[in-house]
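Q: Once you've had a glance at the structure underneath, I'll fire off some questions.
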Amino acid sequence: MALAFRKLHPHFAAEVSPVELRAVHDEETLAQIRAGMDEYAVLVFRGQPFADAEQLAFAQRLDGRLHESAGSRVIAKSRLGNEALSDISNLAADGEIMKADDRRRQYGLGNRLWHTDASFQDQAGRYSMLHARVVPPVAADTEFADMRAAYDALPDETKARLVGLRAHHSIAHSRQILGFEFSPHEQDQLKGAIHPVVRTIPRSLRRSLYLASHQSRIVEWPIPEGRLLLRDLMEHATQPEFVYRHAWRVGDLVVWDNRATMHRARPFDDAKYRRELRRVTTLDIEQPAFVASSS
Ligand code: OGA
Ligand code: MN
């Protein structure tokens, strides 16, 4: 089946023509979606009536192995009972809106900082697939920034300075920015991971900035200089010209490439309105997706 991609932003992001992803099993259509990801880095699929198991199965067909160790498991067990399914909601175990001082709510507020998923782990996230189940009647959008376009727009001197630099990513760091406190036992489980600041994305071979609020320092530099560089890059890469804002409708599935984009949740009155989305993320492993999904 031939898919059409309608661009949503001058640099990236596209809405895919109507397709029922639960029914997509053929390699040819999956290959078109992967090629769309290489080009656009964010794909929007409207009207997907996924149940949890169907969303998990589609993610595996598209991109192989699933990420199953979300940072949030360190503070609480998921109410969804499956570590591969991230509960992106403001709901407590009883299905009611979380209290303002609920630790899981405070932890989740970290999604309002620009980030990439699971960059604080050694098998970081590759594709994230977020599905909207309940959306508020007010704007509660997600913003995405194109890290390839941001890299391309850097002055040559800056590109040269970034060669060979690596950053330490830690979920404890991004949460501490917001004043969230971890116990020593929790800290022990959150050592973080080190990744290059500039990556070349396989297949498209485009260079990309790999940034996130999880970054605590540049490994090769003293801490203050490294943090200043990371702040400058973050400021550069999130200028409006690089940002696409997604307004959710129930049934939307948005797939993004964490190697090529950053994202953040925009604020809304989360004490008043229910918002319920579910995310499945694949592992950024060397194995090409089509090999993983056909094994
Ligand atoms: C995520 C995320 C943002 C949002 O699901 O990884 O950061 O708007 N979500 O809920
Ligand atoms: Mn996220």
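Following the order of the structure tokens, chains are lettered A, B, ..., residues in each are numbered from 1, and ligands are numbered from 1.
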Output the neighbourhood of ligand 1 as a ChimeraX atom specification, that is, all protein and nucleic acid residues with some atom at most 8 Å from the ligand, counting only C-alpha atoms and all ligand atoms.

A: /A:86,88-89,111-112,115-117,128-130,140-143,263-266,277-279

Q: Write down as a VMD selection string the residues of region 46-287 of chain A whose backbone DSSP state falls under strand (DSSP E or B).

A: chain A and resid 66 86 to 89 91 97 115 125 to 134 142 to 146 166 to 169 193 to 196 198 to 200 207 to 209 215 to 218 243 to 246 253 to 257 261 to 265 276 to 283

Q: Tell me which of A:Phe182, A:Phe12, A:Trp256, A:Tyr244 sits closest to Ala59 (chain A), counting only C-alpha atoms.

A: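 Answer, going by the shortest atom-to-atom distance: A:Trp256.
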
Q: For CA of Leu211 (chain A) and CA of Gly64 (chain A), quote the distance in Å rounded to one decimal.

A: 23.8 Å

Q: Grab the CA of Val250 (chain A) to CA of Val135 (chain A) distance for me, in Å with one decimal place.

A: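 Taking CA of Val250 (chain A) and CA of Val135 (chain A), their separation equals 6.2 Å.
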
Q: List every residue of region 11-149 of chain A that DSSP, applied to the backbone of this structure, assigns to helix (DSSP H, G or I), and report them as a PyMOL selection string.

A: chain A and resi 21-23+27-40+52-63+71-74+103-112+147-149

Q: Kindly give the distance, in Å, that separates CA of Ala271 (chain A) and CA of Arg79 (chain A), rounded to a single decimal.

A: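 Rounded to one decimal, the two atoms are 18.9 Å apart.
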
Q: Using only C-alpha atoms, what does the table of region 66-168 of chain A residues within 10 Å of region 190-199 of chain A look like, with each row giving the shortest atom pair and its distance in Å to one decimal, sorted by chain and ascending number, as CSV?

A:
residue,atom,partner,partner_atom,distance
A:Gly71,CA,A:Leu190,CA,7.7
A:Val74,CA,A:Leu190,CA,8.2
A:Ala118,CA,A:Gly192,CA,9.5
A:Ser119,CA,A:Ala193,CA,7.2
A:Phe120,CA,A:Gly192,CA,4.6
A:Gln121,CA,A:Ala193,CA,5.1
A:Asp122,CA,A:Ala193,CA,5.5
A:Gln123,CA,A:Ala193,CA,8.8
A:Ala124,CA,A:Ala193,CA,8.7
A:Met147,CA,A:Val198,CA,9.5
A:Arg148,CA,A:Arg199,CA,9.4
A:Tyr151,CA,A:Val198,CA,8.2
A:Lys159,CA,A:Val198,CA,8.8
A:Leu162,CA,A:Val197,CA,7.0
A:Val163,CA,A:Val198,CA,7.4
A:Gly164,CA,A:Pro196,CA,7.1
A:Leu165,CA,A:Val197,CA,5.9
A:Arg166,CA,A:Pro196,CA,4.1
A:Ala167,CA,A:Ile194,CA,5.5
A:His168,CA,A:Ile194,CA,4.4
